[in-house]
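Q: So that you have it, the file is work25.cif, and it contains mmCIF, C-alpha atoms:
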```cif
data_entry
#
loop_
_atom_site.label_atom_id
_atom_site.label_comp_id
_atom_site.auth_asym_id
_atom_site.auth_seq_id
_atom_site.Cartn_x
_atom_site.Cartn_y
_atom_site.Cartn_z
CA MET A 1 -58.29 -32.45 -69.70
CA VAL A 2 -54.66 -31.96 -68.63
CA LYS A 3 -53.85 -28.36 -67.84
CA GLN A 4 -50.79 -27.14 -69.69
CA PRO A 5 -48.01 -25.51 -67.64
CA ASP A 6 -47.91 -21.73 -67.77
CA PRO A 7 -44.56 -20.72 -69.36
CA ALA A 8 -44.78 -17.21 -67.91
CA ARG A 9 -45.22 -18.54 -64.39
CA ARG A 10 -42.40 -21.03 -64.89
CA SER A 11 -40.13 -18.26 -66.19
CA GLU A 12 -40.95 -16.05 -63.21
CA ARG A 13 -40.12 -18.88 -60.80
CA SER A 14 -36.81 -19.41 -62.59
CA ARG A 15 -36.04 -15.69 -62.52
CA ARG A 16 -36.70 -15.47 -58.77
CA ALA A 17 -34.61 -18.59 -58.14
CA ILE A 18 -31.70 -17.11 -60.12
CA LEU A 19 -31.83 -13.79 -58.26
CA ALA A 20 -32.03 -15.52 -54.89
CA ALA A 21 -29.09 -17.76 -55.82
CA ALA A 22 -27.04 -14.74 -56.90
CA ARG A 23 -27.70 -12.97 -53.59
CA GLU A 24 -26.79 -16.02 -51.56
CA LEU A 25 -23.64 -16.83 -53.49
CA VAL A 26 -22.24 -13.31 -53.65
CA SER A 27 -22.54 -13.14 -49.86
CA GLU A 28 -21.00 -16.60 -49.41
CA LEU A 29 -18.22 -16.44 -52.00
CA GLY A 30 -17.63 -12.78 -52.77
CA TYR A 31 -17.93 -11.29 -56.22
CA ALA A 32 -14.55 -12.47 -57.54
CA LYS A 33 -15.39 -16.16 -56.98
CA LEU A 34 -18.98 -15.86 -58.14
CA SER A 35 -19.74 -17.41 -61.53
CA VAL A 36 -22.75 -17.75 -63.80
CA GLU A 37 -22.27 -21.53 -63.60
CA ALA A 38 -22.53 -21.46 -59.81
CA ILE A 39 -25.65 -19.30 -59.94
CA ALA A 40 -27.26 -21.65 -62.47
CA SER A 41 -26.43 -24.70 -60.38
CA ARG A 42 -27.81 -23.16 -57.18
CA ALA A 43 -30.97 -21.99 -58.96
CA GLY A 44 -31.51 -25.32 -60.72
CA VAL A 45 -31.50 -23.86 -64.22
CA GLY A 46 -29.26 -24.07 -67.26
CA LYS A 47 -26.51 -21.51 -67.79
CA GLN A 48 -28.08 -20.44 -71.08
CA THR A 49 -31.27 -19.52 -69.22
CA ILE A 50 -29.28 -16.89 -67.33
CA TYR A 51 -27.54 -15.60 -70.45
CA ARG A 52 -30.90 -15.31 -72.20
CA TRP A 53 -31.95 -12.68 -69.63
CA TRP A 54 -28.67 -11.11 -68.47
CA PRO A 55 -25.44 -10.28 -70.34
CA SER A 56 -23.09 -10.80 -67.37
CA LYS A 57 -22.92 -11.89 -63.77
CA GLY A 58 -22.71 -8.21 -62.81
CA ALA A 59 -26.10 -7.61 -64.41
CA VAL A 60 -27.53 -10.56 -62.47
CA VAL A 61 -26.19 -9.20 -59.20
CA LEU A 62 -27.63 -5.76 -60.00
CA ASP A 63 -31.09 -7.18 -60.59
CA ALA A 64 -30.73 -9.39 -57.51
CA PHE A 65 -30.08 -6.30 -55.43
CA LEU A 66 -32.98 -4.42 -57.03
CA ALA A 67 -35.30 -7.35 -56.34
CA LEU A 68 -34.18 -7.39 -52.71
CA SER A 69 -35.04 -3.70 -52.41
CA GLU A 70 -38.46 -4.30 -53.98
CA GLU A 71 -39.23 -6.92 -51.35
CA GLY A 72 -39.06 -4.33 -48.56
CA PRO A 73 -42.19 -3.00 -46.85
CA ASP A 74 -42.18 0.29 -48.78
CA GLN A 75 -41.52 -0.03 -52.50
CA SER A 76 -42.02 3.70 -53.18
CA MET A 77 -38.93 5.80 -53.78
CA ALA A 78 -40.67 8.91 -52.46
CA LEU A 79 -39.09 10.30 -49.30
CA PRO A 80 -41.22 11.23 -46.28
CA ASP A 81 -42.48 14.81 -46.35
CA THR A 82 -44.07 15.62 -43.00
CA GLY A 83 -43.03 19.26 -43.14
CA ASP A 84 -40.28 18.61 -40.58
CA LEU A 85 -37.14 18.38 -42.73
CA LYS A 86 -34.83 17.37 -39.90
CA ALA A 87 -37.09 14.50 -38.80
CA ASP A 88 -37.62 13.33 -42.39
CA LEU A 89 -33.89 13.31 -43.18
CA GLU A 90 -33.12 11.49 -39.94
CA THR A 91 -35.68 8.83 -40.87
CA VAL A 92 -34.12 8.36 -44.30
CA MET A 93 -30.50 8.41 -43.13
CA ARG A 94 -31.17 6.01 -40.27
CA ALA A 95 -32.80 3.61 -42.72
CA THR A 96 -29.83 3.96 -45.09
CA VAL A 97 -27.34 3.28 -42.31
CA ALA A 98 -29.33 0.21 -41.23
CA GLU A 99 -29.42 -1.07 -44.81
CA PHE A 100 -25.67 -0.65 -45.30
CA ALA A 101 -25.05 -2.49 -42.02
CA ASP A 102 -27.41 -5.37 -42.92
CA PRO A 103 -25.41 -8.41 -44.13
CA ALA A 104 -28.22 -9.33 -46.55
CA PHE A 105 -27.70 -6.02 -48.37
CA GLU A 106 -24.03 -5.47 -47.66
CA GLY A 107 -22.71 -8.34 -49.76
CA PRO A 108 -24.60 -7.48 -52.95
CA ILE A 109 -23.92 -3.75 -52.53
CA ARG A 110 -20.17 -4.31 -52.19
CA ALA A 111 -20.21 -6.68 -55.13
CA LEU A 112 -21.98 -4.09 -57.27
CA ASN A 113 -19.53 -1.37 -56.32
CA THR A 114 -16.59 -3.61 -57.13
CA GLU A 115 -17.93 -4.38 -60.58
CA ILE A 116 -19.25 -0.90 -61.37
CA ILE A 117 -15.74 0.51 -61.00
CA ASN A 118 -14.56 -1.59 -63.96
CA ASP A 119 -17.75 -1.93 -66.02
CA PRO A 120 -19.09 1.33 -67.51
CA ALA A 121 -22.10 -0.46 -69.02
CA LEU A 122 -23.12 -1.88 -65.65
CA ALA A 123 -22.54 1.54 -64.05
CA ALA A 124 -24.93 3.05 -66.59
CA GLN A 125 -27.55 0.37 -65.82
CA TYR A 126 -27.17 0.97 -62.09
CA HIS A 127 -27.65 4.70 -62.55
CA ALA A 128 -30.64 4.28 -64.86
CA LYS A 129 -32.44 1.63 -62.79
CA LEU A 130 -31.70 2.71 -59.22
CA ALA A 131 -29.29 5.54 -58.43
CA GLY A 132 -30.78 8.09 -60.84
CA PRO A 133 -34.46 7.64 -59.89
CA LEU A 134 -33.56 7.51 -56.20
CA ASP A 135 -31.54 10.73 -56.45
CA GLU A 136 -34.49 12.42 -58.16
CA ALA A 137 -36.77 11.34 -55.30
CA LYS A 138 -34.30 12.79 -52.81
CA LYS A 139 -34.06 16.05 -54.75
CA ASP A 140 -37.87 16.29 -54.87
CA ARG A 141 -37.87 16.28 -51.05
CA LEU A 142 -35.14 18.92 -50.95
CA ARG A 143 -37.05 21.09 -53.43
CA SER A 144 -40.04 20.90 -51.12
CA ALA A 145 -37.79 22.11 -48.30
CA GLN A 146 -36.55 24.96 -50.48
CA ARG A 147 -40.12 26.06 -51.21
CA ALA A 148 -40.85 25.97 -47.48
CA GLY A 149 -37.81 28.16 -46.76
CA GLN A 150 -36.01 25.37 -44.90
CA LEU A 151 -33.05 25.11 -47.30
CA ASP A 152 -31.05 27.63 -49.30
CA ALA A 153 -33.17 28.33 -52.38
CA GLU A 154 -30.05 28.66 -54.56
CA ALA A 155 -28.44 25.42 -53.41
CA ASP A 156 -27.08 22.98 -55.98
CA LEU A 157 -29.09 19.89 -55.05
CA ASP A 158 -26.69 17.42 -56.66
CA LEU A 159 -23.92 18.85 -54.51
CA ALA A 160 -26.26 18.84 -51.51
CA LEU A 161 -26.85 15.10 -51.91
CA GLU A 162 -23.12 14.47 -52.08
CA LEU A 163 -22.64 16.49 -48.89
CA LEU A 164 -25.27 14.39 -47.11
CA TYR A 165 -24.41 10.92 -48.41
CA ALA A 166 -20.71 10.91 -49.33
CA PRO A 167 -19.41 10.69 -45.73
CA LEU A 168 -21.68 7.70 -45.07
CA TYR A 169 -20.58 6.01 -48.27
CA GLN A 170 -16.90 6.56 -47.49
CA ARG A 171 -17.23 5.22 -43.93
CA TRP A 172 -19.01 2.12 -45.27
CA LEU A 173 -16.64 1.61 -48.20
CA LEU A 174 -13.45 1.94 -46.15
CA ARG A 175 -14.89 0.37 -42.98
CA SER A 176 -13.49 3.35 -41.11
CA GLY A 177 -16.15 3.57 -38.40
CA PRO A 178 -19.43 2.18 -37.10
CA LEU A 179 -22.71 2.77 -38.92
CA THR A 180 -25.09 3.88 -36.18
CA THR A 181 -28.20 5.99 -35.76
CA GLU A 182 -26.06 8.53 -33.93
CA TYR A 183 -23.82 8.85 -36.96
CA ALA A 184 -26.84 9.22 -39.25
CA ASP A 185 -28.24 11.99 -37.05
CA ALA A 186 -24.86 13.76 -36.95
CA LEU A 187 -24.73 13.81 -40.77
CA VAL A 188 -28.18 15.40 -40.90
CA GLU A 189 -27.13 18.01 -38.34
CA VAL A 190 -24.05 19.00 -40.34
CA PHE A 191 -26.03 19.03 -43.58
CA LEU A 192 -28.72 21.34 -42.23
CA LYS A 193 -26.13 23.77 -40.85
CA ALA A 194 -24.34 23.90 -44.20
CA MET A 195 -27.52 24.26 -46.24
CA ARG A 196 -29.54 26.63 -44.07
CA PRO A 197 -31.31 29.41 -45.98
CA ASP A 198 -29.48 32.63 -46.91
CA ILE A 199 -26.26 31.52 -45.26
CA ALA A 200 -24.24 33.75 -47.59
CA GLY A 201 -26.14 36.83 -46.49
CA ASP A 202 -26.33 35.98 -42.81
CA PRO A 203 -24.31 38.52 -40.81
CA GLY A 204 -23.60 35.90 -38.17
CA ALA A 205 -22.53 33.20 -40.61
CA ALA A 206 -18.84 33.97 -40.25
CA GLU A 207 -18.93 34.30 -36.48
#
```
For the file at hand, write its structure as structure tokens.
A:
Amino acid sequence: MVKQPDPARRSERSRRAILAAARELVSELGYAKLSVEAIASRAGVGKQTIYRWWPSKGAVVLDAFLALSEEGPDQSMALPDTGDLKADLETVMRATVAEFADPAFEGPIRALNTEIINDPALAAQYHAKLAGPLDEAKKDRLRSAQRAGQLDAEADLDLALELLYAPLYQRWLLRSGPLTTEYADALVEVFLKAMRPDIAGDPGAAE
């Protein structure tokens, strides 16, 4: 008896081929020159197959980036919590710096940022699928530090994340300096000084 092909398995192979093609092409061509037709050709599928699953090339690139993240060794969004906040933040920031400096990630990330600026729907998808959940994981770690008395208990954690990550993002976006472990550690050092507990009531804070 001839075994019938499994449509689900075939669809999964096609999906992975499309995402891989999108990652390759956005790095090779840049986002502006990337097209759904080129992705379909590289993946060996029809253009309508892509449009059946994604509404735009931006959505394909977003899922391609998410899939790349999922292929890493640790798929959990939870941040390390060893009790040593400085060491945990250094681990996370060093990993973030390395990711932003990795050509395999850099191309898709830049492409996403370019498109998100002009596509509110894609921006909403990016926030819902990646940025929002990741920010919540980061805030969970900061809440743990607050409970342990390692961070200001009254700190606005959304603002705290901006303080920690915005300088890194700006340096990467504008290519204004190298992305190194030393830079990652310096950001953590500044963050911890700014967010130390009871800074407002510390008599030596203004000295």
Q: Measure the distance from atom CA of A:Gly177 to atom CA of A:Met195 in Å and round it to one decimal.
A: 24.9 Å
Q: Would you pick out the contacts of A:Ile109 at 9 Å or less, using all atoms listed in the file, so that residues sharing its chain but fewer than 6 positions from it are not included, and give the list as an NGL selection string?
A: :A and (61-62 or 65 or 100)
Q: For C-alpha atoms, I'd like the residues from the last selection saved as a compact mmCIF listing (two decimals), keeping the file's coordinate frame.
A:
```
# COMPACT_ATOMS: atom_id res chain seq x y z
CA VAL A 61 -26.19 -9.20 -59.20
CA LEU A 62 -27.63 -5.76 -60.00
CA PHE A 65 -30.08 -6.30 -55.43
CA PHE A 100 -25.67 -0.65 -45.30
```
Q: Using Å and a single decimal, report how far atom CA of A:Ala17 sits from atom CA of A:Gly30.
A: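 Computing it gives 18.7 Å between the two atoms.
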Q: Kindly resolve the PyMOL selection byres ((chain A and resi 127-136) around 12) on the present coordinates and return the residues as a PDB file with C-alpha atoms, in the coordinates of the input.
A:
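Okay, selection-v7.pdb is ready:
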```pdb
ATOM      1  CA  ALA A  59     -26.100  -7.610 -64.410  1.00  0.00           C
ATOM      2  CA  LEU A  62     -27.630  -5.760 -60.000  1.00  0.00           C
ATOM      3  CA  ASP A  63     -31.090  -7.180 -60.590  1.00  0.00           C
ATOM      4  CA  PHE A  65     -30.080  -6.300 -55.430  1.00  0.00           C
ATOM      5  CA  LEU A  66     -32.980  -4.420 -57.030  1.00  0.00           C
ATOM      6  CA  ALA A  67     -35.300  -7.350 -56.340  1.00  0.00           C
ATOM      7  CA  SER A  69     -35.040  -3.700 -52.410  1.00  0.00           C
ATOM      8  CA  GLU A  70     -38.460  -4.300 -53.980  1.00  0.00           C
ATOM      9  CA  GLN A  75     -41.520  -0.030 -52.500  1.00  0.00           C
ATOM     10  CA  SER A  76     -42.020   3.700 -53.180  1.00  0.00           C
ATOM     11  CA  MET A  77     -38.930   5.800 -53.780  1.00  0.00           C
ATOM     12  CA  ALA A  78     -40.670   8.910 -52.460  1.00  0.00           C
ATOM     13  CA  LEU A  79     -39.090  10.300 -49.300  1.00  0.00           C
ATOM     14  CA  VAL A  92     -34.120   8.360 -44.300  1.00  0.00           C
ATOM     15  CA  LEU A 112     -21.980  -4.090 -57.270  1.00  0.00           C
ATOM     16  CA  ASN A 113     -19.530  -1.370 -56.320  1.00  0.00           C
ATOM     17  CA  ILE A 116     -19.250  -0.900 -61.370  1.00  0.00           C
ATOM     18  CA  PRO A 120     -19.090   1.330 -67.510  1.00  0.00           C
ATOM     19  CA  ALA A 121     -22.100  -0.460 -69.020  1.00  0.00           C
ATOM     20  CA  LEU A 122     -23.120  -1.880 -65.650  1.00  0.00           C
ATOM     21  CA  ALA A 123     -22.540   1.540 -64.050  1.00  0.00           C
ATOM     22  CA  ALA A 124     -24.930   3.050 -66.590  1.00  0.00           C
ATOM     23  CA  GLN A 125     -27.550   0.370 -65.820  1.00  0.00           C
ATOM     24  CA  TYR A 126     -27.170   0.970 -62.090  1.00  0.00           C
ATOM     25  CA  ALA A 137     -36.770  11.340 -55.300  1.00  0.00           C
ATOM     26  CA  LYS A 138     -34.300  12.790 -52.810  1.00  0.00           C
ATOM     27  CA  LYS A 139     -34.060  16.050 -54.750  1.00  0.00           C
ATOM     28  CA  ASP A 140     -37.870  16.290 -54.870  1.00  0.00           C
ATOM     29  CA  ARG A 141     -37.870  16.280 -51.050  1.00  0.00           C
ATOM     30  CA  LEU A 142     -35.140  18.920 -50.950  1.00  0.00           C
ATOM     31  CA  ARG A 143     -37.050  21.090 -53.430  1.00  0.00           C
ATOM     32  CA  LEU A 157     -29.090  19.890 -55.050  1.00  0.00           C
ATOM     33  CA  ASP A 158     -26.690  17.420 -56.660  1.00  0.00           C
ATOM     34  CA  LEU A 159     -23.920  18.850 -54.510  1.00  0.00           C
ATOM     35  CA  ALA A 160     -26.260  18.840 -51.510  1.00  0.00           C
ATOM     36  CA  LEU A 161     -26.850  15.100 -51.910  1.00  0.00           C
ATOM     37  CA  GLU A 162     -23.120  14.470 -52.080  1.00  0.00           C
ATOM     38  CA  LEU A 164     -25.270  14.390 -47.110  1.00  0.00           C
ATOM     39  CA  TYR A 165     -24.410  10.920 -48.410  1.00  0.00           C
TER      40      TYR A 165
END
```
Q: So how far away is atom CA of A:Gly107 from atom CA of A:Val26, in Å?
A: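 Distance reported for this atom pair: 6.3 Å.
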Q: Fewer than 6 positions away in the same chain doesn't count, so skip those; otherwise give me all residues within 10 Å of stretch 183-190 of chain A, counting all atoms listed in the file, as a count of residues only.
A: 21
Q: So which residues get picked by the PyMOL selection byres ((chain A and resi 150) around 9) here, written as a PyMOL selection string?
A: chain A and resi 85+142+144-149+151-153+192+195-197
Q: Evaluate the PyMOL selection byres ((chain A and resi 35-43) around 6) here and jot the selected residues down as an NGL selection string.
A: :A and (17-18 or 21-22 or 34 or 44-47 or 57)
Q: So which one's closest to A:Arg175, A:Arg110, A:Lys193, A:Arg16, A:Arg52? Using all atoms listed in the file, please.
A: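 That would be A:Arg110, the residue with the smallest distance to A:Arg175.
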Q: So, counting all atoms listed in the file, which residue among A:Glu115, A:Ala32, A:Trp54, A:Ser27 is closest to A:Asp102?
A: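 Distance minimum relative to A:Asp102 lands on A:Ser27.
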Q: Considering all atoms listed in the file, can you say which of A:Phe191, A:Trp53, A:Tyr169, A:Phe105 comes closest to A:Ser14?
A: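 Closest to A:Ser14, using all atoms listed in the file: A:Trp53.
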